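Raw contents of upload_28.cif, mmCIF, C-alpha atoms:
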```cif
data_upload
loop_
_atom_site.label_atom_id
_atom_site.label_comp_id
_atom_site.auth_asym_id
_atom_site.auth_seq_id
_atom_site.Cartn_x
_atom_site.Cartn_y
_atom_site.Cartn_z
CA MET A 1 69.10 90.54 114.77
CA ASP A 2 66.11 91.06 112.49
CA PRO A 3 64.08 88.13 111.08
CA LEU A 4 65.40 88.74 107.53
CA THR A 5 69.00 88.27 108.65
CA ILE A 6 68.07 85.06 110.49
CA ALA A 7 66.34 83.80 107.34
CA TYR A 8 69.49 84.55 105.33
CA ILE A 9 71.62 82.60 107.81
CA VAL A 10 69.27 79.60 107.60
CA ILE A 11 69.39 79.73 103.78
CA ILE A 12 73.21 79.93 103.86
CA ALA A 13 73.29 76.80 106.06
CA LEU A 14 71.00 74.96 103.62
CA LEU A 15 73.16 76.04 100.68
CA LEU A 16 76.26 74.66 102.47
CA VAL A 17 74.42 71.36 102.89
CA CYS A 18 73.70 71.38 99.14
CA SER A 19 77.36 72.18 98.45
CA ALA A 20 78.38 69.21 100.59
CA PHE A 21 75.91 67.01 98.70
CA PHE A 22 77.30 67.99 95.29
CA SER A 23 80.90 67.50 96.43
CA MET A 24 80.05 64.12 97.94
CA SER A 25 78.26 63.08 94.75
CA GLU A 26 81.19 64.02 92.55
CA THR A 27 83.72 62.06 94.64
CA ALA A 28 81.45 59.06 95.20
CA PHE A 29 80.60 58.57 91.53
CA THR A 30 84.16 59.26 90.41
CA SER A 31 85.70 56.83 92.91
CA ALA A 32 83.09 54.08 92.65
CA SER A 33 84.10 50.87 90.88
CA GLN A 34 82.02 50.52 87.73
CA VAL A 35 82.83 46.82 87.66
CA ARG A 36 81.36 46.41 91.16
CA LEU A 37 78.29 48.47 90.32
CA LYS A 38 77.71 46.50 87.12
CA LYS A 39 77.94 43.27 89.10
CA MET A 40 75.35 44.59 91.56
CA ALA A 41 73.12 45.72 88.69
CA LYS A 42 73.43 42.29 87.10
CA ASP A 43 72.29 40.77 90.39
CA GLY A 44 69.10 42.85 90.22
CA ASP A 45 69.95 45.99 92.23
CA LYS A 46 67.88 48.77 90.62
CA LYS A 47 69.84 51.57 92.29
CA ALA A 48 73.11 50.16 90.97
CA GLU A 49 71.54 49.88 87.53
CA LYS A 50 70.61 53.57 87.63
CA ALA A 51 74.13 54.47 88.86
CA VAL A 52 75.70 52.59 85.96
CA MET A 53 73.42 54.45 83.55
CA ILE A 54 74.56 57.79 85.01
CA LEU A 55 78.24 56.84 84.80
CA GLU A 56 77.88 55.76 81.19
CA ASN A 57 77.21 59.42 80.41
CA TYR A 58 79.82 60.77 82.78
CA ASP A 59 80.24 64.11 80.99
CA LYS A 60 76.58 64.96 81.57
CA PHE A 61 76.85 63.92 85.22
CA LEU A 62 79.96 66.01 85.84
CA THR A 63 78.47 69.05 84.12
CA THR A 64 75.32 68.77 86.26
CA ILE A 65 77.31 68.49 89.50
CA LEU A 66 79.58 71.41 88.66
CA ILE A 67 76.63 73.63 87.70
CA GLY A 68 74.81 72.80 90.93
CA ASN A 69 77.90 73.18 93.11
CA ASN A 70 78.84 76.55 91.65
CA LEU A 71 75.29 77.86 91.90
CA VAL A 72 74.92 77.05 95.61
CA ASN A 73 78.43 78.26 96.49
CA ILE A 74 77.93 81.59 94.71
CA ALA A 75 74.49 82.03 96.26
CA ALA A 76 75.82 81.24 99.75
CA THR A 77 78.72 83.67 99.36
CA THR A 78 76.43 86.43 98.09
CA LEU A 79 73.98 86.06 100.99
CA ALA A 80 76.85 85.88 103.49
CA THR A 81 78.19 89.17 102.18
CA LEU A 82 74.78 90.80 102.77
CA VAL A 83 74.55 89.37 106.31
CA PHE A 84 78.03 90.48 107.35
CA ALA A 85 77.49 93.91 105.78
CA VAL A 86 74.43 94.37 108.00
CA LEU A 87 76.19 93.09 111.11
CA LEU A 88 79.68 94.62 110.70
CA GLY A 89 79.36 97.30 108.09
CA GLU A 90 80.02 97.20 104.36
CA ALA A 91 83.86 97.41 104.40
CA THR A 92 84.53 95.04 107.33
CA GLY A 93 81.64 92.75 106.35
CA SER A 94 83.13 91.99 102.89
CA VAL A 95 86.44 90.86 104.39
CA ALA A 96 84.77 88.86 107.15
CA SER A 97 82.39 87.23 104.67
CA THR A 98 85.28 86.14 102.44
CA VAL A 99 87.25 84.60 105.32
CA VAL A 100 84.32 82.88 107.02
CA MET A 101 82.73 81.50 103.84
CA THR A 102 86.08 80.22 102.57
CA LEU A 103 86.56 78.26 105.78
CA LEU A 104 82.97 76.99 105.84
CA VAL A 105 82.91 75.97 102.17
CA LEU A 106 86.30 74.22 102.34
CA THR A 107 85.53 72.42 105.61
CA PHE A 108 81.85 71.48 105.26
CA GLY A 109 81.28 71.89 101.53
CA GLU A 110 84.41 70.26 100.09
CA ILE A 111 86.95 68.46 102.29
CA THR A 112 84.69 66.65 104.77
CA PRO A 113 82.07 65.29 102.32
CA LYS A 114 84.71 64.27 99.77
CA THR A 115 86.76 62.46 102.42
CA LEU A 116 83.70 60.55 103.62
CA ALA A 117 82.63 59.64 100.08
CA LYS A 118 86.12 58.44 99.17
CA ARG A 119 86.10 55.85 101.96
CA HIS A 120 82.94 54.02 100.84
CA PRO A 121 82.06 55.31 97.34
CA GLU A 122 79.65 52.55 96.29
CA LYS A 123 77.73 52.86 99.56
CA TYR A 124 77.16 56.60 99.07
CA VAL A 125 76.39 56.19 95.36
CA LEU A 126 73.51 53.85 96.14
CA LYS A 127 72.17 56.26 98.77
CA ILE A 128 72.19 59.41 96.61
CA VAL A 129 71.67 58.01 93.11
CA GLY A 130 67.94 58.84 93.08
CA VAL A 131 68.50 62.50 93.98
CA VAL A 132 71.39 62.83 91.50
CA TYR A 133 69.23 61.38 88.73
CA ALA A 134 66.44 63.89 89.51
CA ILE A 135 68.90 66.82 89.47
CA GLU A 136 70.27 65.61 86.13
CA VAL A 137 66.75 65.74 84.70
CA VAL A 138 66.17 69.28 86.03
CA PHE A 139 69.51 70.56 84.71
CA THR A 140 69.27 68.79 81.35
CA PRO A 141 68.91 72.02 79.26
CA LEU A 142 71.95 73.60 80.93
CA SER A 143 73.96 70.36 80.70
CA TRP A 144 73.17 70.10 76.99
CA LEU A 145 74.23 73.71 76.39
CA PHE A 146 77.54 73.38 78.25
CA GLY A 147 78.16 69.98 76.66
CA LYS A 148 77.86 71.44 73.17
CA LEU A 149 80.12 74.34 74.14
CA THR A 150 82.74 71.98 75.59
CA ALA A 151 82.61 69.75 72.50
CA PHE A 152 83.06 72.78 70.23
CA ILE A 153 86.07 74.03 72.20
CA GLY A 154 87.57 70.55 72.33
CA LYS A 155 87.16 70.11 68.58
CA ARG A 156 88.78 73.49 67.91
CA ALA A 157 91.67 72.57 70.22
CA GLY A 158 92.17 69.30 68.36
CA GLY A 159 91.54 67.16 71.40
CA GLU A 160 90.98 63.44 70.93
CA GLU A 161 89.25 61.03 73.23
CA ALA A 162 91.82 58.99 75.13
CA VAL A 163 91.83 55.21 75.20
CA THR A 164 89.93 54.01 78.26
CA MET A 165 92.66 51.62 79.42
CA THR A 166 95.80 50.14 77.89
CA GLU A 167 96.98 46.57 78.41
CA ASP A 168 99.90 47.80 80.54
CA GLU A 169 97.52 49.72 82.78
CA LEU A 170 95.31 46.64 83.05
CA GLU A 171 98.29 44.58 84.20
CA VAL A 172 99.08 47.19 86.87
CA MET A 173 95.45 46.98 88.01
CA ILE A 174 95.74 43.19 88.23
CA ASP A 175 98.89 43.57 90.36
CA GLU A 176 97.03 45.92 92.71
CA ILE A 177 94.07 43.53 93.00
CA GLN A 178 96.54 40.70 93.67
CA ASP A 179 98.27 42.74 96.39
CA ASP A 180 94.88 43.36 98.00
CA GLY A 181 94.36 39.61 98.23
CA VAL A 182 91.29 39.51 95.98
CA ILE A 183 92.97 37.02 93.62
CA GLU A 184 95.86 34.63 94.13
CA LYS A 185 99.27 35.13 92.53
CA VAL A 186 98.73 32.15 90.21
CA GLU A 187 95.41 33.58 89.04
CA GLY A 188 96.97 37.00 88.46
CA GLU A 189 99.83 35.54 86.41
CA LEU A 190 97.36 33.52 84.35
CA ILE A 191 95.30 36.62 83.56
CA LYS A 192 98.41 38.60 82.58
CA SER A 193 99.60 35.73 80.38
CA ALA A 194 96.24 35.74 78.62
CA ILE A 195 96.53 39.52 78.05
CA ARG A 196 99.97 39.11 76.45
CA PHE A 197 98.89 36.02 74.49
CA ASP A 198 97.93 37.82 71.28
CA ASP A 199 101.07 39.99 71.36
CA THR A 200 103.56 37.13 71.74
CA PRO A 201 105.23 36.04 68.47
CA VAL A 202 106.05 32.39 67.92
CA SER A 203 109.75 33.34 67.81
CA GLU A 204 109.62 33.64 71.62
CA VAL A 205 108.32 30.13 72.33
CA TYR A 206 109.50 27.82 69.56
CA VAL A 207 112.05 24.99 69.97
CA PRO A 208 115.23 25.92 68.02
CA ARG A 209 116.33 23.57 65.24
CA MET A 210 119.44 22.50 67.16
CA ASP A 211 117.18 21.17 69.95
CA VAL A 212 114.66 19.50 67.63
CA VAL A 213 114.48 15.71 67.72
CA ALA A 214 113.63 14.49 64.21
CA MET A 215 114.03 11.40 62.01
CA ASP A 216 115.08 10.97 58.41
CA VAL A 217 112.33 10.00 56.00
CA ARG A 218 114.53 7.03 55.04
CA SER A 219 114.88 5.81 58.64
CA THR A 220 114.05 2.18 59.29
CA VAL A 221 111.11 1.19 61.47
CA GLN A 222 113.59 0.05 64.13
CA GLU A 223 115.36 3.43 64.12
CA ALA A 224 112.05 5.27 64.33
CA GLY A 225 110.91 3.05 67.19
CA ARG A 226 114.12 3.77 69.07
CA ILE A 227 113.54 7.52 68.74
CA PHE A 228 109.99 7.23 70.06
CA SER A 229 111.14 4.98 72.90
CA ASP A 230 114.07 7.20 73.94
CA THR A 231 112.19 10.52 73.81
CA GLY A 232 108.65 9.58 74.81
CA PHE A 233 107.37 12.11 72.28
CA SER A 234 103.91 11.61 70.78
CA ARG A 235 104.96 13.14 67.44
CA VAL A 236 108.33 13.50 65.72
CA PRO A 237 109.14 15.67 62.66
CA VAL A 238 110.46 13.93 59.54
CA PHE A 239 113.14 15.54 57.36
CA ASP A 240 114.47 14.74 53.91
CA GLY A 241 118.23 15.11 53.68
CA SER A 242 118.67 17.60 56.54
CA ILE A 243 116.64 19.08 59.33
CA ASP A 244 116.36 22.27 57.30
CA ASN A 245 113.96 20.37 55.05
CA ILE A 246 111.19 19.06 57.31
CA VAL A 247 108.61 17.35 55.12
CA GLY A 248 106.17 15.84 57.58
CA VAL A 249 105.49 14.46 61.03
CA VAL A 250 105.04 10.91 62.35
CA TYR A 251 102.59 10.22 65.17
CA ALA A 252 103.54 7.66 67.80
CA LYS A 253 99.97 6.38 67.98
CA GLU A 254 99.90 5.30 64.34
CA PHE A 255 103.48 4.03 64.45
CA TYR A 256 102.83 1.71 67.41
CA SER A 257 99.45 0.66 66.02
CA ARG A 258 101.00 -0.54 62.77
CA SER A 259 103.93 -2.11 64.58
CA PHE A 260 101.59 -4.00 66.94
CA ASN A 261 99.62 -5.34 63.96
CA ASN A 262 102.88 -6.44 62.30
CA GLU A 263 102.14 -4.32 59.23
CA ASP A 264 104.86 -3.79 56.65
CA PHE A 265 105.41 -0.05 56.35
CA ALA A 266 108.09 2.63 56.01
CA VAL A 267 108.43 5.98 57.77
CA LYS A 268 107.41 7.87 54.63
CA ASP A 269 104.17 5.84 54.49
CA ILE A 270 102.92 7.19 57.85
CA ALA A 271 104.37 10.70 57.63
CA LYS A 272 101.58 13.29 57.78
CA PRO A 273 101.70 16.80 56.30
CA VAL A 274 103.14 19.46 58.57
CA LYS A 275 102.22 23.13 58.89
CA TYR A 276 104.62 26.00 58.25
CA VAL A 277 104.36 29.32 60.06
CA PRO A 278 106.47 32.53 59.91
CA GLU A 279 108.44 33.55 62.99
CA THR A 280 106.41 36.77 63.28
CA MET A 281 103.06 34.99 63.60
CA SER A 282 101.40 35.39 67.01
CA ILE A 283 100.90 32.31 69.17
CA ALA A 284 97.21 33.24 69.48
CA ALA A 285 96.78 32.91 65.70
CA ILE A 286 98.67 29.60 65.67
CA PHE A 287 96.61 28.34 68.60
CA ASN A 288 93.38 29.07 66.70
CA ASP A 289 94.81 27.36 63.62
CA PHE A 290 95.77 24.29 65.67
CA GLN A 291 92.21 24.11 67.01
CA LYS A 292 90.65 24.30 63.55
CA THR A 293 92.99 21.90 61.72
CA LYS A 294 93.63 19.51 64.65
CA VAL A 295 97.33 19.57 63.67
CA HIS A 296 99.28 20.34 66.83
CA ILE A 297 102.79 20.87 65.47
CA ALA A 298 104.23 23.41 63.03
CA VAL A 299 107.59 24.29 61.51
CA VAL A 300 108.75 27.85 62.21
CA LEU A 301 110.35 29.58 59.21
CA ASP A 302 112.57 32.65 59.17
CA SER A 303 112.21 35.56 56.73
CA TYR A 304 114.23 33.65 54.12
CA GLY A 305 112.14 30.47 54.36
CA GLY A 306 114.74 28.57 56.37
CA THR A 307 113.81 26.30 59.27
CA MET A 308 114.21 28.00 62.64
CA GLY A 309 112.63 25.22 64.67
CA ILE A 310 109.24 23.81 65.59
CA VAL A 311 106.35 24.82 67.83
CA THR A 312 103.73 22.54 69.35
CA LEU A 313 100.39 23.07 71.06
CA GLU A 314 102.08 22.26 74.38
CA ASP A 315 104.65 25.05 73.83
CA ILE A 316 101.84 27.55 73.33
CA LEU A 317 99.81 26.33 76.31
CA GLU A 318 102.90 26.52 78.53
CA GLU A 319 103.15 30.20 77.66
CA LEU A 320 99.74 30.56 79.31
CA VAL A 321 99.85 28.20 82.27
CA GLY A 322 103.55 27.46 82.78
CA ASP A 323 105.36 24.15 82.43
CA ILE A 324 103.17 21.12 81.70
CA TRP A 325 104.53 17.77 82.83
CA ASP A 326 103.40 14.29 81.92
CA GLU A 327 104.40 10.80 83.06
CA SER A 328 107.32 10.66 80.60
CA ASP A 329 108.93 13.90 81.78
CA ASP A 330 111.83 13.89 84.23
CA ILE A 331 110.78 16.61 86.65
CA GLN A 332 113.70 18.42 88.26
CA PRO A 333 113.88 21.21 90.84
CA ASP A 334 114.90 24.72 89.81
CA VAL A 335 118.44 24.16 91.06
CA SER A 336 119.84 20.61 91.21
CA PRO A 337 123.44 19.47 91.93
CA GLN A 338 125.28 17.31 89.37
CA GLN A 339 127.90 14.61 89.91
CA ASP A 340 130.71 16.69 88.42
CA GLY A 341 130.23 19.44 91.01
CA SER A 342 128.19 21.72 88.76
CA TRP A 343 124.55 22.75 89.21
CA LEU A 344 121.76 22.41 86.65
CA VAL A 345 119.56 25.49 86.89
CA LYS A 346 116.29 26.26 85.09
CA GLY A 347 116.08 29.51 83.17
CA THR A 348 113.02 30.53 85.16
CA ALA A 349 114.83 30.06 88.48
CA ASN A 350 115.65 33.00 90.74
CA ILE A 351 119.21 34.09 89.98
CA TYR A 352 119.74 35.22 93.59
CA ASP A 353 118.62 31.86 95.02
CA ALA A 354 120.70 29.95 92.47
CA MET A 355 123.88 31.92 93.22
CA GLU A 356 123.29 31.46 96.95
CA LYS A 357 123.03 27.66 96.57
CA VAL A 358 126.07 27.50 94.31
CA GLY A 359 128.02 29.69 96.70
CA GLY A 360 128.78 32.54 94.33
CA ASP A 361 129.03 36.22 95.18
CA PHE A 362 126.33 37.75 93.00
CA ASP A 363 126.39 41.40 91.98
CA PRO A 364 123.44 42.09 89.62
CA GLY A 365 124.81 45.42 88.40
CA GLU A 366 122.00 47.22 86.59
CA TYR A 367 119.93 44.06 86.16
CA GLU A 368 116.57 44.67 87.85
CA ASP A 369 114.75 41.37 87.27
CA TYR A 370 115.31 38.02 89.02
CA SER A 371 115.32 35.17 86.46
CA VAL A 372 118.41 33.35 85.25
CA MET A 373 117.28 33.59 81.61
CA GLY A 374 116.81 37.33 81.95
CA TYR A 375 120.25 37.81 83.50
CA VAL A 376 121.94 35.79 80.73
CA PHE A 377 120.15 37.87 78.10
CA TYR A 378 121.16 41.06 79.96
CA ARG A 379 124.83 40.05 80.10
CA LEU A 380 125.03 38.84 76.49
CA ASN A 381 122.92 41.75 75.21
CA ARG A 382 121.37 39.36 72.68
CA ALA A 383 119.38 36.15 72.48
CA PRO A 384 121.44 33.28 73.93
CA VAL A 385 122.46 30.17 72.03
CA ARG A 386 123.52 26.83 73.42
CA GLY A 387 127.08 27.00 74.75
CA ASP A 388 127.09 30.72 75.60
CA THR A 389 128.88 31.42 78.89
CA VAL A 390 128.84 34.37 81.27
CA HIS A 391 131.02 34.81 84.36
CA VAL A 392 129.85 36.41 87.60
CA GLY A 393 130.99 36.15 91.21
CA GLY A 394 133.40 33.29 90.51
CA VAL A 395 130.70 31.24 88.77
CA ASP A 396 130.55 30.20 85.11
CA ILE A 397 126.99 30.20 83.80
CA THR A 398 126.78 28.14 80.60
CA VAL A 399 123.62 27.90 78.51
CA LYS A 400 122.70 24.23 78.12
CA SER A 401 119.45 24.53 76.16
CA VAL A 402 117.38 27.32 74.66
CA LYS A 403 113.80 27.76 73.56
CA GLY A 404 113.11 30.62 71.21
CA ARG A 405 115.17 33.50 72.55
CA ARG A 406 115.27 32.24 76.11
CA ALA A 407 117.70 30.06 78.04
CA VAL A 408 115.72 27.06 79.29
CA GLU A 409 118.53 25.40 81.28
CA CYS A 410 121.93 26.64 82.40
CA VAL A 411 124.88 24.95 84.08
CA PHE A 412 126.41 26.81 87.03
CA PHE A 413 129.99 25.89 87.87
CA LYS A 414 131.90 27.55 90.69
CA ARG A 415 135.54 28.07 89.88
CA GLN A 416 138.11 27.32 92.56
CA GLU A 417 139.68 30.72 92.13
CA ALA A 418 137.31 33.57 91.26
CA HIS A 419 138.55 35.99 88.65
CA SER A 420 138.41 39.61 89.61
CA GLY A 421 136.72 40.70 86.42
CA GLU A 422 133.39 39.55 85.03
CA SER A 423 132.82 38.86 81.37
CA ALA A 424 130.38 37.38 78.91
CA GLU A 425 131.30 35.04 76.09
CA GLY A 426 129.42 34.04 72.98
CA SER A 427 130.70 30.53 72.57
CA GLY A 428 127.56 29.06 71.09
CA GLU A 429 127.64 26.07 68.86
#
```
What does the file become when written as structure tokens?
Amino acid sequence: MDPLTIAYIVIIALLLVCSAFFSMSETAFTSASQVRLKKMAKDGDKKAEKAVMILENYDKFLTTILIGNNLVNIAATTLATLVFAVLLGEATGSVASTVVMTLLVLTFGEITPKTLAKRHPEKYVLKIVGVVYAIEVVFTPLSWLFGKLTAFIGKRAGGEEAVTMTEDELEVMIDEIQDDGVIEKVEGELIKSAIRFDDTPVSEVYVPRMDVVAMDVRSTVQEAGRIFSDTGFSRVPVFDGSIDNIVGVVYAKEFYSRSFNNEDFAVKDIAKPVKYVPETMSIAAIFNDFQKTKVHIAVVLDSYGGTMGIVTLEDILEELVGDIWDESDDIQPDVSPQQDGSWLVKGTANIYDAMEKVGGDFDPGEYEDYSVMGYVFYRLNRAPVRGDTVHVGGVDITVKSVKGRRAVECVFFKRQEAHSGESAEGSGE
């Protein structure tokens, strides 16, 4: 074998190494977590800072890598063809060169380096970032030319830049991080609640008018005191004539302060103005308004201006962090037995667990979720109202209280003789 052929073989080996480098670079930078790299850069890692800078102009990086990879692969294949033509003859050498170079490029230039880079992308990024940056500088004229050409073709084809990430995709990412054990389930749910916060209308969290505790503006001080004492509420709406005409709100703090000082006053004297919000308003907007005005209760109006119910700051916060209890609340488990043989079940309870405790035979049908409130909505095919009843597995599920469009509490009662068919009734009040 003459020295020239040996030189060609050495060059081919070096070109395969370059091919492996470009393939590794592409996979490492593509798979690396930008969030992790940005955190490292923020902590003072200069290499991570340079990697973030490269990824911020990903199109230029990808163009550079593809140019380099194609150049070395074509050069290696061309030289291999010359070597095999010398060793085996022109006809046989071409076939042999194609087979051998395909195997070598796939094994050592593509599959192996990409597999290694995929396992620890950030580690490899930090090792090769300096070389990649230098290659980008060298190939800048070619990258600019191909970038302009790509932009021109994309513009002609009517292509639009896609949104980086939707909220739904972000929630899926949070679920994956939660499954990996990076964050706890409670933390994940809190983050997802915050994401949905701005998209949740007040109609999904308000207290319906039939569940609102209110007092007449003409109520006596004794009647008002009884309402505060019985409910433990810190504020109670005031209506004039009917609950459809809420005109203000009375605060327990001022009521008890005046009562303690033996002041002569009427309910209308201490009633404060109340806010009115449309049912379509987002809870995020109401939350900001509550913060600015320091008024923590509002009347929810429908499209015709009628009273749908009320919403408080606590209702909105519970949408973020779950139920909030204080010393006046009677905390009950998700499923609790009652003296009449029925079971009081929270709407957020697991329908499977509830039916198991009650002793019913539960067939979910096409229902794919787990909550009681969701199953009631699924069976009724509409928002539930107090008194609605559905039948399943020999158990009557009756809606006891609702909040917005959700069943807050339901009563489960197992019939002595289960009916063969299942039905849903709309027997709301």
In Å, how far is it from CA of Asp388 (chain A) to CA of Asp353 (chain A)?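 That distance, rounded to one decimal, is 21.2 Å.
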Grab the CA of Arg119 (chain A) to CA of Glu26 (chain A) distance for me, in Å with one decimal place.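 CA of Glu26 (chain A) lies 13.4 Å from CA of Arg119 (chain A).
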Excluding Glu122 (chain A) and its own-chain neighbours fewer than 3 positions away, which residues fall within 12 Å of it when counting only C-alpha atoms? Please give them as a list in words.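 Once the nearby chain positions are removed, what remains is Met24, Ser25, Thr27, Ala28, Phe29, Thr30, Ser31, Ala32, Ser33, Gln34, Val35, Arg36, Leu37, Lys38, Lys39, Met40, Lys47, Ala48, Ala51, Val52, Leu116, Ala117, Lys118, Arg119, Val125, Leu126, Lys127, Ile128 and Val129 of chain A.
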The PyMOL selection byres ((chain A and resi 193-209) around 7) resolved against shown file, as a list in words: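 Checked against the file, the PyMOL selection byres ((chain A and resi 193-209) around 7) matches Glu189, Leu190, Ile191, Lys192, Met210, Asp211, Val212, Glu279, Thr280, Met281, Ser282, Ile283, Ala284, Met308, Gly309, Ile310, Val311, Asp315, Leu320, Lys403, Gly404 and Arg405 of chain A.
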Atomic distance CA of Val385 (chain A) - CA of Ala407 (chain A), expressed in Å with one decimal: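 Separation between CA of Val385 (chain A) and CA of Ala407 (chain A): 7.7 Å.
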Do you know which residues the PyMOL selection byres ((chain A and resi 347) around 8) returns on this file, as JSON, numbers by chain? {"A": [345, 346, 348, 349, 371, 372, 373, 374, 406, 407, 408, 409, 410]}
Box time for region 221-229 of chain A: axis-aligned, enclosing all its listed atoms, 5 Å extra on each side; report centre and edge lengths in Å to one decimal, as lines of an AutoDock Vina configuration file.
```
center_x = 112.7
center_y = 3.8
center_z = 67.2
size_x = 15.4
size_y = 17.5
size_z = 21.4
```
Matched chain/residue IDs from the PyMOL selection byres ((chain A and resi 268-278) around 6), as a list of chain:residue names: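 Matching residues under the PyMOL selection byres ((chain A and resi 268-278) around 6) are A:Val217, A:Gly248, A:Val249, A:Val250, A:Ala266, A:Val267, A:Glu279, A:Thr280, A:Met281, A:Ala298, A:Val299, A:Val300, A:Leu301.
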Given all atoms listed in the file as the counted atoms, nearest of A:Thr81, A:Ile54, A:Leu62, A:Leu16 to Gly109 (chain A):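 The shortest atom-to-atom distance to Gly109 (chain A) comes from A:Leu16.
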I'd like to know which of A:Ala91, A:Val10, A:Val86, A:Val17 is closest to Asn69 (chain A), using all atoms listed in the file.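 Looking at the shortest contact to Asn69 (chain A), the residue is A:Val17.
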Among the residues A:Ser257, A:Gln338, A:Thr166, A:Ser219, the one that comes closest to Gly241 (chain A) [using only C-alpha atoms]: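 Of A:Ser257, A:Gln338, A:Thr166, A:Ser219, the one nearest Gly241 (chain A), counting only C-alpha atoms, is A:Ser219.
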Go through A:Tyr304, A:Val392, A:Pro333, A:His296 and flag the residue nearest Tyr352 (chain A), using all atoms listed in the file for the distances.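 Once distances to Tyr352 (chain A) are computed over all atoms listed in the file, the minimum belongs to A:Val392.
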Might you pull out every residue within 10 Å of Ser242 (chain A), with all atoms listed in the file counted and same-chain residues fewer than 2 positions away left off, and present them as a PyMOL selection string? chain A and resi 214-217+238-240+244-246
Give me the residues near Leu66 (chain A) as a list in words, where near means some atom within 9 Å (using all atoms listed in the file) and where sequence neighbours in that chain fewer than 4 positions away do not count.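 Final neighbour list, sorted by chain and number: Phe22, Ser23, Glu26, Phe61, Leu62, Asn70 and Leu71 of chain A.
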